[in-house]
Amino acid sequence: MSGVDLSVVWLTLKLASVVTLLLLLIATPIAWWLSQTQSKFKPAVGAIFAIPLVLPPTVLGFYLLLLLGPNGPAGQLSAALGLGTLPFSFAGIAIACAVHSLPFVVQPLQNAFEAIGKRPLEVAATLRASPWDCFWHVVVPMARPGFFTAIVMGFCHSIGEFGVVLMIGGNIPGETRVLSVEIYNHVEAMEYGQAHWLAGGMVAFSFIALLAIYMINHRASQRGTL
Amino acid sequence: MSVTAAFHVQRQGFTLDVKIELPATGISALYGASGSGKTTCLRAMAGLERLPNSFFQIGQDTWQDEANGIFVPPHQRQVGYVFQEASLFPHLDVAANLQFGMKRIAPVQRQVSESHIVELLGLSPLLKRSPSALSGGERQRVAIARALLTSPRLLLMDEPLSALDKGLKQEILPYLERLHRELAIPVVYVSHAADEVTRLADHLVLIDHGEIKAAGPIKQVLLDHQHAELFNDGASSVIEGRISRHLEHFASELKFGRFALRLSQQDHPVGQQLRCRVFASDVSVCLTQPHDTSISNIFPAKVSHVAEGRRPGEKLVTLDLGEEQQLLAQLSSHSVERLQIHPGHHVWAQVKSVAVL
């Protein structure tokens with residue numbers, strides 16, 4: 001592999017790590033709210049956060065471009081804060097990736113929170129744990145397999161991000177040129193050998209990540225909960 | 001100090017409207033069929049449910065007074081709660097489960113020692129185990145200990161034995177009795193099992209369809225013929241006494257007041273306190289002292305009340321033995337008429353069998 005490809009791999013891993021961290025911060029409260037609420041708005045809110053799952057990445061990318069662009073509200077806000085414009089920058093693709101991968105993190109977390117049920121929370125409350133205390137010392141440890149699934153799904157989905165990145169980030173080396181874009185470049189240039197290295201690496205990585213999820217979930221379900 | 005509660009709620013097909021006064025000592029049982037509202041009361045006491053227009057006070061502390069906008073959230077109430085299923089935290093071992101609540105109260109508020117509770121509930125061999133490696137009965141003992149270790153002012157138990165089979169029940173009941181004898185924590189015990197309630201409770205509250213039907217010391221409430229039918233296994237009276245000696249022919253003697261009752265042989269030592277239940281259907285009446293009968297427990301008694309029984313053709317007769325000890329006898333209307341049994345008459349009560357609780 002050439003030095004250029006290594007910098008692409010490095011950029012992609014950096015992007016996926018930043019996005020995963022960002023997603024954990026955003027998705028955890030959303031998933032918690034969705035799992036606990038009895039609000040009539042729950043289906044609507046759930047649907048909004050699931051939209052990126054079904055929307056073509058180009059559509060998502062298009063609207064994000066308008067939103068984050070110099071004339072969009074988010075773009076004007078970032079300019080006013082002195083952050084510059086976000087499209088065609090690393091920060092821009094990180095935000096776009098986070099939006100696109102959000103459902104992949106929200107859903108496993110929501111499922112894990114719902115699987116805990118009400119009872120452990122009530123038990124914790126009668127054992128003097130405040131809601132915040134209970135969240136950290138009962139919910140998070142009990143939802144650990146869900147967090148693991150969410151992290152792996154968010155990370156892998158961000159690593160493979162293509163359409164949204166292309167729409168909002170373009171193809172700038174060292175800034176927005178990530179793995180899947182690079183594979184596209186190689187294929188366009190008929191450099192199949194280099195494309196194989198990257199594509200095969202992605203297949204292997206995805207398999208190992210999913211294997212880890214399935215093994216951990218299998219172990220968790222065998223250990224049972226009581 | 002006492003516990004005062006007034007809970008009201010109206011839901012689809014269910015109305016709860018109760019006022020409860022409980023003594024701050026001993027075990028108070030909330031007894032009623034499923035769906036009667038007893039668990040809702042217990043959850044409201046813990047603050048797990050916030051019922052409208054409700055009130056709850058323990059001693060000088062008001063935990064809920066909706067008229068004045070007071071509602072103390074559950075984690076700020078000094079209650080222990082034992083759920084129907086043990087609900088141990090699966091990610092913690094037994095020791096960490098036990099310490100979960102204890103760690104969260106200030107050391108000065110700890111009134112029970114961990115080692116005492118562990119010993120009381122026989123948990124020392126289990127401390128390092130994971131909850132999934134425990135039997136149902138062991139789990140429930142851990143859950144009880146975990147609740148006790150928060151030094152609660154009130155221990156709430158929601159049918160803690162109902163998820164266990166008969167053998168495991170018998171394994172836990174002695175622990176509950178020890179707890180009753182050795183700790184001064186008042187307990188509210190919700191159950192629909194007559195045998196548990198008559199064995200454990202000092203105070204009994206009967207709930208039916210969201211209303212209180214009767215409340216008071218268990219002996220009194222049980223004697224009231226009006227409530228007999230709420231007890232699913234039949235009218236009965238409770239006798240509490242001490243084993244005074246062991247007799248020949250595999251029998252033991254139970255002294256209660258100036259009376260003595262002959263029981264089948266008991267394993268307990270002399271002096272052990274014991275509670276028995278005498279079903280009204282096991283008590284018959286003679287007008288003269290019987291000598292040529294196989295029944296050995298015969299007491300002179302005065303008829304204090306004759307009431308209609310559960311079924312037509314049946315009467316429920318209250319017999320006063322003196323010293324505030326009473327028995328219920330279920331007789332046929334025919335016999336009551338034939339023997340001319342009326343309040344004030346002196347008779348002999350024959351007790352055919354006694355259920356030791």
# chains A, B, ... in the order shown; residues from 1 in each chain; ligands from 1
>>> interface_residues(of="chain A", to="chain B", cutoff="7 Å", atoms="only C-alpha atoms", output="short mmCIF file (atom, residue, chain, number, x, y, z; two decimals) with N, CA and C atoms, in the first residue's frame")
data_model
loop_
_atom_site.label_atom_id
_atom_site.label_comp_id
_atom_site.auth_asym_id
_atom_site.auth_seq_id
_atom_site.Cartn_x
_atom_site.Cartn_y
_atom_site.Cartn_z
N PRO A 120 -35.63 -2.97 37.63
CA PRO A 120 -34.34 -2.61 38.22
C PRO A 120 -34.27 -1.13 38.60
N GLU A 122 -36.81 0.67 39.64
CA GLU A 122 -37.58 0.82 40.89
C GLU A 122 -36.79 0.28 42.07
N ALA A 125 -34.25 2.76 43.03
CA ALA A 125 -34.83 3.91 43.72
C ALA A 125 -35.13 3.56 45.18
N THR A 126 -35.64 2.35 45.43
CA THR A 126 -35.92 2.00 46.82
C THR A 126 -34.63 1.72 47.59
N LEU A 127 -33.52 1.60 46.88
CA LEU A 127 -32.22 1.45 47.54
C LEU A 127 -31.48 2.79 47.55
N ARG A 128 -32.25 3.87 47.47
CA ARG A 128 -31.74 5.24 47.66
C ARG A 128 -30.91 5.78 46.50
N ALA A 129 -30.96 5.16 45.33
CA ALA A 129 -30.20 5.69 44.21
C ALA A 129 -31.05 6.74 43.49
N SER A 130 -30.49 7.94 43.31
CA SER A 130 -31.19 8.98 42.56
C SER A 130 -31.25 8.54 41.09
N PRO A 141 -24.30 -0.38 33.25
CA PRO A 141 -23.74 -1.74 33.28
C PRO A 141 -24.69 -2.80 32.73
N MET A 142 -25.98 -2.66 32.97
CA MET A 142 -26.91 -3.68 32.47
C MET A 142 -27.07 -3.59 30.95
N THR A 225 -30.46 -12.93 32.62
CA THR A 225 -30.60 -11.77 33.50
C THR A 225 -31.56 -12.09 34.60
N LEU A 226 -31.13 -11.85 35.80
CA LEU A 226 -32.03 -12.00 36.94
C LEU A 226 -31.55 -11.15 38.09
#
>>> select_by_dssp(residues="range 260-342 of chain B", states="alpha helix (DSSP H)", output="list in words")
Ser333, His334, Ser335, Val336, Glu337 and Arg338 of chain B
>>> atom_distance(atom1="CA of Phe148 in chain A", atom2="CA of Ala112 in chain A")
10.4 Å
>>> residues_around(residues="range 58-60 of chain A", least_positions_apart="2", cutoff="8 Å", atoms="only C-alpha atoms", output="list in words")
Pro52, Leu55, Pro56, Phe62, Tyr63, Leu64, His100, Gly163, Val164 and Met167 of chain A
>>> write_last_selection(atoms="N, CA, C and O atoms", output="compact mmCIF listing (two decimals), in the first residue's frame")
# COMPACT_ATOMS: atom_id res chain seq x y z
N PRO A 52 -32.61 8.65 8.66
CA PRO A 52 -31.35 8.42 7.94
C PRO A 52 -31.16 6.97 7.52
O PRO A 52 -30.39 6.68 6.62
N LEU A 55 -33.27 6.95 4.08
CA LEU A 55 -33.09 8.01 3.09
C LEU A 55 -31.83 7.74 2.25
O LEU A 55 -30.81 7.32 2.78
N PRO A 56 -31.88 7.99 0.94
CA PRO A 56 -30.65 7.87 0.15
C PRO A 56 -29.61 8.87 0.67
O PRO A 56 -29.97 10.02 0.96
N PHE A 62 -27.50 16.32 0.43
CA PHE A 62 -27.99 17.54 -0.20
C PHE A 62 -28.54 18.53 0.83
O PHE A 62 -28.17 19.69 0.87
N TYR A 63 -29.41 18.02 1.70
CA TYR A 63 -30.00 18.92 2.70
C TYR A 63 -28.97 19.40 3.71
O TYR A 63 -28.99 20.55 4.14
N LEU A 64 -28.04 18.50 4.07
CA LEU A 64 -26.99 18.92 5.01
C LEU A 64 -26.12 20.01 4.39
O LEU A 64 -25.68 20.95 5.06
N HIS A 100 -25.99 10.64 9.65
CA HIS A 100 -26.33 9.45 8.88
C HIS A 100 -26.28 8.19 9.73
O HIS A 100 -27.07 7.26 9.56
N GLY A 163 -21.66 8.10 0.25
CA GLY A 163 -22.50 9.09 -0.43
C GLY A 163 -22.53 10.43 0.28
O GLY A 163 -22.32 11.49 -0.33
N VAL A 164 -22.77 10.40 1.59
CA VAL A 164 -22.88 11.64 2.34
C VAL A 164 -21.55 12.39 2.32
O VAL A 164 -21.50 13.61 2.14
N MET A 167 -21.04 14.04 -1.01
CA MET A 167 -21.91 15.20 -1.18
C MET A 167 -21.39 16.40 -0.41
O MET A 167 -21.40 17.53 -0.89
>>> atom_distance(atom1="CA of Pro23 in chain B", atom2="CA of Ser191 in chain B")
18.1 Å
